[in-house]
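> Handing over start.txt, compact mmCIF, C-alpha atoms.
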```txt
# COMPACT_ATOMS: atom_id res chain seq x y z
CA VAL A 164 83.34 167.14 74.11
CA ASP A 165 81.21 169.40 76.30
CA PRO A 166 83.35 172.57 76.50
CA THR A 167 81.10 174.09 79.17
CA SER A 168 81.65 171.49 81.92
CA PRO A 169 83.70 172.96 84.81
CA THR A 170 86.50 170.41 84.57
CA ALA A 171 86.73 170.81 80.79
CA VAL A 172 86.94 174.59 81.09
CA THR A 173 89.59 174.59 83.81
CA ILE A 174 91.78 171.94 82.20
CA LEU A 175 91.60 173.59 78.78
CA ASP A 176 92.35 176.99 80.34
CA SER A 177 95.43 175.50 81.99
CA LEU A 178 96.61 173.89 78.78
CA LEU A 179 96.07 177.08 76.76
CA ALA A 180 98.00 179.27 79.20
CA THR A 181 100.81 181.28 77.60
CA ASP A 182 103.90 183.15 78.74
CA GLY A 183 104.54 186.85 78.17
CA ASP A 184 105.52 186.19 74.55
CA GLY A 185 102.37 184.21 73.76
CA ASN A 186 104.06 180.80 73.82
CA LEU A 187 102.10 177.88 75.20
CA LEU A 188 103.33 176.80 78.62
CA ASN A 189 101.86 173.30 78.31
CA GLY A 190 102.09 172.67 74.58
CA ASP A 191 103.14 169.02 74.85
CA ALA A 192 100.34 168.23 77.30
CA LEU A 193 97.80 170.00 75.07
CA SER A 194 98.97 168.01 72.04
CA SER A 195 98.78 164.79 74.06
CA LEU A 196 95.23 165.55 75.20
CA LEU A 197 93.94 166.50 71.74
CA THR A 198 95.47 163.52 69.93
CA TYR A 199 94.01 161.17 72.56
CA HIS A 200 90.60 162.20 71.18
CA VAL A 201 91.49 161.05 67.65
CA ILE A 202 91.48 157.55 66.18
CA PRO A 203 93.61 157.62 63.00
CA ARG A 204 91.06 155.71 60.95
CA ARG A 205 87.34 155.83 60.22
CA VAL A 206 85.44 153.93 62.95
CA ALA A 207 81.63 153.89 62.77
CA ALA A 208 79.55 153.36 65.91
CA ALA A 209 78.22 150.06 64.55
CA ALA A 210 81.78 148.70 64.46
CA LEU A 211 82.32 149.24 68.18
CA SER A 212 81.84 146.60 70.85
CA ASP A 213 81.99 146.43 74.64
CA GLY A 214 85.53 146.02 75.91
CA GLN A 215 87.13 147.08 72.64
CA MET A 216 90.40 149.04 72.79
CA LEU A 217 91.13 151.65 70.13
CA GLU A 218 94.62 152.98 69.46
CA THR A 219 94.58 156.77 69.45
CA LEU A 220 96.72 159.23 67.52
CA ALA A 221 98.57 159.79 70.81
CA GLY A 222 99.67 156.15 70.68
CA THR A 223 97.68 155.14 73.74
CA GLN A 224 94.66 152.88 74.11
CA LEU A 225 91.10 154.22 74.41
CA PRO A 226 88.69 151.78 76.10
CA VAL A 227 85.14 151.39 74.77
CA ARG A 228 82.24 150.32 76.97
CA ILE A 229 78.65 149.60 75.99
CA VAL A 230 76.37 149.22 79.02
CA ASP A 231 72.63 148.68 78.58
CA GLY A 232 72.83 150.18 75.11
CA ALA A 233 74.71 153.30 76.25
CA GLY A 234 78.19 153.89 74.85
CA PHE A 235 81.23 155.20 76.72
CA ALA A 236 84.64 156.15 75.33
CA GLY A 237 87.43 156.45 77.87
CA GLY A 238 84.77 156.76 80.57
CA ALA A 239 82.95 159.60 78.80
CA PRO A 240 79.34 159.11 77.69
CA VAL A 241 78.85 159.08 73.93
CA LEU A 242 76.13 161.61 73.09
CA THR A 243 76.07 161.58 69.28
CA THR A 244 77.56 159.24 66.71
CA ASP A 245 78.65 159.10 63.08
CA THR A 246 78.48 162.81 62.24
CA PRO A 247 80.15 162.95 58.81
CA ALA A 248 83.18 165.13 58.08
CA THR A 249 85.19 165.40 54.87
CA ASN A 250 87.92 163.18 56.28
CA GLY A 251 86.16 160.93 58.77
CA LEU A 252 83.43 160.63 61.39
CA VAL A 253 82.79 162.59 64.58
CA HIS A 254 81.35 161.05 67.75
CA GLY A 255 80.25 163.61 70.35
CA ILE A 256 81.13 162.84 73.98
CA GLY A 257 80.13 164.40 77.29
CA GLN A 258 83.50 165.24 78.85
CA VAL A 259 87.15 165.86 78.07
CA LEU A 260 89.16 162.63 77.89
CA THR A 261 92.05 162.79 80.32
CA GLY A 262 93.52 159.33 79.79
CA THR A 263 96.95 160.67 78.83
CA PHE A 264 97.47 162.22 82.28
CA ASN A 265 98.26 160.46 85.54
CA VAL A 266 96.37 161.31 88.74
CA VAL A 267 98.72 164.09 89.83
CA GLU A 268 98.93 165.66 86.37
CA PHE A 269 95.13 165.68 86.10
CA ALA A 270 94.67 167.27 89.52
CA SER A 271 97.36 169.85 88.77
CA LEU A 272 95.65 170.90 85.53
CA ALA A 273 92.22 171.21 87.16
CA PRO A 274 92.34 174.24 89.52
CA THR A 275 89.50 172.80 91.59
CA PHE A 276 92.07 170.49 93.25
CA THR A 277 94.78 172.98 94.22
CA GLY A 278 94.44 172.17 97.93
CA LEU A 279 94.74 168.44 97.26
CA VAL A 280 97.82 168.91 95.07
CA ALA A 281 99.49 171.06 97.72
CA GLN A 282 98.84 168.46 100.42
CA LEU A 283 100.18 165.66 98.23
CA GLY A 284 103.42 167.61 97.99
CA GLU A 285 103.61 168.27 101.72
CA ALA A 286 102.94 164.61 102.50
CA GLU A 287 105.50 163.49 99.88
CA LEU A 288 102.94 161.36 98.03
CA VAL A 289 103.30 162.87 94.55
CA ASP A 290 105.54 160.10 93.20
CA ALA A 291 103.33 157.37 94.69
CA LEU A 292 100.28 158.63 92.78
CA GLN A 293 101.97 158.93 89.39
CA THR A 294 102.28 155.20 88.71
CA GLY A 295 100.16 152.09 88.98
CA SER A 296 96.42 151.56 88.64
CA LEU A 297 94.53 153.63 91.20
CA THR A 298 91.09 154.90 92.15
CA VAL A 299 91.24 158.28 93.88
CA PHE A 300 88.36 159.95 95.70
CA ALA A 301 89.67 163.47 95.22
CA PRO A 302 88.29 166.19 97.52
CA ASN A 303 87.89 169.45 95.64
CA ASP A 304 88.88 172.82 97.04
CA ALA A 305 85.38 173.44 98.39
CA ALA A 306 85.64 170.24 100.44
CA THR A 307 89.16 170.72 101.76
CA GLY A 308 88.52 174.39 102.55
CA ALA A 309 85.15 173.84 104.21
CA THR A 310 86.39 171.06 106.49
CA ASN A 311 89.92 172.37 107.17
CA ALA A 312 90.78 168.73 106.58
CA PHE A 313 94.55 169.08 106.89
CA GLU A 314 94.84 171.86 109.44
CA ASP A 315 97.14 171.10 112.37
CA LEU A 316 97.86 167.55 111.16
CA SER A 317 101.37 166.15 111.29
CA GLU A 318 102.99 165.16 108.01
CA GLU A 319 102.51 161.48 108.87
CA ARG A 320 98.83 161.98 109.70
CA GLN A 321 98.32 163.99 106.49
CA ALA A 322 99.72 161.06 104.53
CA ASP A 323 97.33 158.66 106.32
CA VAL A 324 94.33 160.87 105.52
CA LEU A 325 95.33 161.15 101.86
CA ARG A 326 95.90 157.38 101.54
CA TYR A 327 92.37 156.88 102.88
CA HIS A 328 91.19 158.51 99.63
CA VAL A 329 93.19 156.12 97.43
CA VAL A 330 92.27 152.56 96.42
CA ASP A 331 94.59 150.25 94.50
CA GLY A 332 93.07 149.25 91.15
CA ALA A 333 90.78 151.17 88.81
CA THR A 334 87.09 151.20 89.79
CA ASP A 335 84.44 153.10 87.82
CA VAL A 336 82.12 154.04 90.66
CA PHE A 337 79.30 154.87 88.26
CA GLU A 338 79.20 151.24 87.19
CA VAL A 339 78.63 150.02 90.75
CA ASN A 340 75.34 148.14 91.09
CA GLY A 341 73.66 149.18 94.34
CA SER A 342 76.67 149.18 96.64
CA ALA A 343 80.29 148.13 96.87
CA THR A 344 83.02 147.87 99.48
CA LEU A 345 86.57 148.96 98.70
CA THR A 346 89.73 148.95 100.80
CA SER A 347 91.85 152.10 100.88
CA GLN A 348 95.65 152.18 100.85
CA ASP A 349 95.64 152.71 104.61
CA GLU A 350 93.55 149.51 104.92
CA GLU A 351 90.31 151.27 105.86
CA VAL A 352 86.93 150.28 104.41
CA ILE A 353 85.26 152.62 101.90
CA ARG A 354 81.59 151.91 101.20
CA LEU A 355 79.90 153.13 98.03
CA PHE A 356 76.16 153.42 97.55
CA VAL A 357 74.25 154.07 94.33
CA ASP A 358 70.60 155.12 94.48
CA SER A 359 67.87 154.46 91.91
CA GLU A 360 68.73 157.68 90.06
CA GLY A 361 72.42 156.84 89.76
CA LEU A 362 73.66 159.20 92.50
CA VAL A 363 76.86 157.79 94.00
CA THR A 364 77.75 158.49 97.62
CA VAL A 365 80.78 157.50 99.68
CA LYS A 366 80.64 156.67 103.35
CA ALA A 367 78.15 158.98 105.14
CA GLY A 368 76.50 160.83 102.28
CA VAL A 369 79.54 162.35 100.54
CA ASN A 370 78.53 162.77 96.89
CA VAL A 371 80.73 161.63 94.02
CA LEU A 372 80.38 164.51 91.57
CA ALA A 373 82.17 163.07 88.53
CA SER A 374 84.42 160.25 87.42
CA TYR A 375 87.43 160.73 85.11
CA THR A 376 89.70 158.14 83.56
CA VAL A 377 93.42 158.94 83.70
CA SER A 378 96.45 156.96 82.65
```
Is it possible to express this structure as structure tokens?

Amino acid sequence: VDPTSPTAVTILDSLLATDGDGNLLNGDALSSLLTYHVIPRRVAAAALSDGQMLETLAGTQLPVRIVDGAGFAGGAPVLTTDTPATNGLVHGIGQVLTGTFNVVEFASLAPTFTGLVAQLGEAELVDALQTGSLTVFAPNDAATGATNAFEDLSEERQADVLRYHVVDGATDVFEVNGSATLTSQDEEVIRLFVDSEGLVTVKAGVNVLASYTVS
């Protein structure tokens, strides 16, 4: 895991937060996250195949993808493989795996989405985004603050705007070949474009900065 990536730092900071007595405030969530990174058996890279599902120590399934020779675990790029330890093997990956959290839990743990989380509460959409298979184009605080996206909107209109950012079904935008067309929950068209260097944009030049797999 790359501990220096912004999302990794903010999520880990949230999970390591303590009360006045030094007790973890999110101990169960921290345990869930850490055990999701562990397969309770020795699995070498050569034994992995595209589409394989591995059962983690958390009891959930970790998807494996191999695309053009590049490996991905739970959506995270595999950077190093088969580093030996006394009790197993270590595979280095490029981001924290968040597959034990739903969309709302993930956004709540990453302080870069505080504005989005607040608006979900005001629009009464929290429950709707905690179940099912979804793709969410989540505006970070820089985006919501810079555009004043929700200022002076009615509750109903806020809900419409937020649903425009949500697509039913899980889509890994970084696996899109060239372009793709998705339909949002408010039945509007979302167009994705991928350039020759792998930069993903949505609609009129809005960059997709990262993609995270959640439960």
> Could you pull the residues within 12 Å of segment 189-204 of chain A, counting all atoms listed in the file, minus those fewer than 2 positions along the same chain, as a PyMOL selection string?
chain A and resi 164+171+174-182+185-187+206-207+216-226+236-237+239+250-256+258-265+268-269+271-272+377-378
> May I ask which of the residues A:Arg326, A:Arg354, A:Arg228, A:Lys366 is the closest one to Val299 of chain A, counting only C-alpha atoms?
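Checking each of A:Arg326, A:Arg354, A:Arg228, A:Lys366 against Val299 of chain A, counting only C-alpha atoms, the winner is A:Arg326.
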> Work out how far apart atom CA of Glu338 of chain A and atom CA of Ala305 of chain A are and give it in Å to one decimal.
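Pair atom CA of Glu338 of chain A / atom CA of Ala305 of chain A returns 25.6 Å.
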> Grab the atom CA of Gly284 of chain A to atom CA of Ile353 of chain A distance for me, in Å with one decimal place.
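So the two atoms, atom CA of Gly284 of chain A and atom CA of Ile353 of chain A, lie 23.9 Å apart.
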> To one decimal in Å, tell me the separation between atom CA of Phe276 of chain A and atom CA of Gly234 of chain A.
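Between these atoms lies a distance of 28.4 Å.
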> With distances taken over only C-alpha atoms, which of A:Phe356, A:Asp184, A:Thr344, A:Asn303 is nearest to Pro274 of chain A?
A:Asn303
> For each of A:Leu242, A:Val230, A:Ala286, A:Val357, take the minimum atom-to-atom distance to Gln321 of chain A, counting only C-alpha atoms, then give the residue where this is smallest.
A:Ala286
> Under the rule that all atoms listed in the file are counted, which of A:Gln282, A:Asp290, A:Ser342, A:Ala333 is the nearest residue to Glu314 of chain A?
A:Gln282
> Edge lengths and centre, in Å to one decimal, as JSON: that's what I need for the box along x, y and z that holds all listed atoms of segment 269-274 of chain A plus 6 Å on each side.

```
{"center_x": 94.8, "center_y": 170.0, "center_z": 87.5, "size_x": 17.1, "size_y": 20.6, "size_z": 16.0}
```
> For Pro302 of chain A, which residue among A:Leu288, A:Ser359, A:Val369, A:Glu351 is the nearest when counting only C-alpha atoms?
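Among the listed residues, the smallest separation from Pro302 of chain A belongs to A:Val369.
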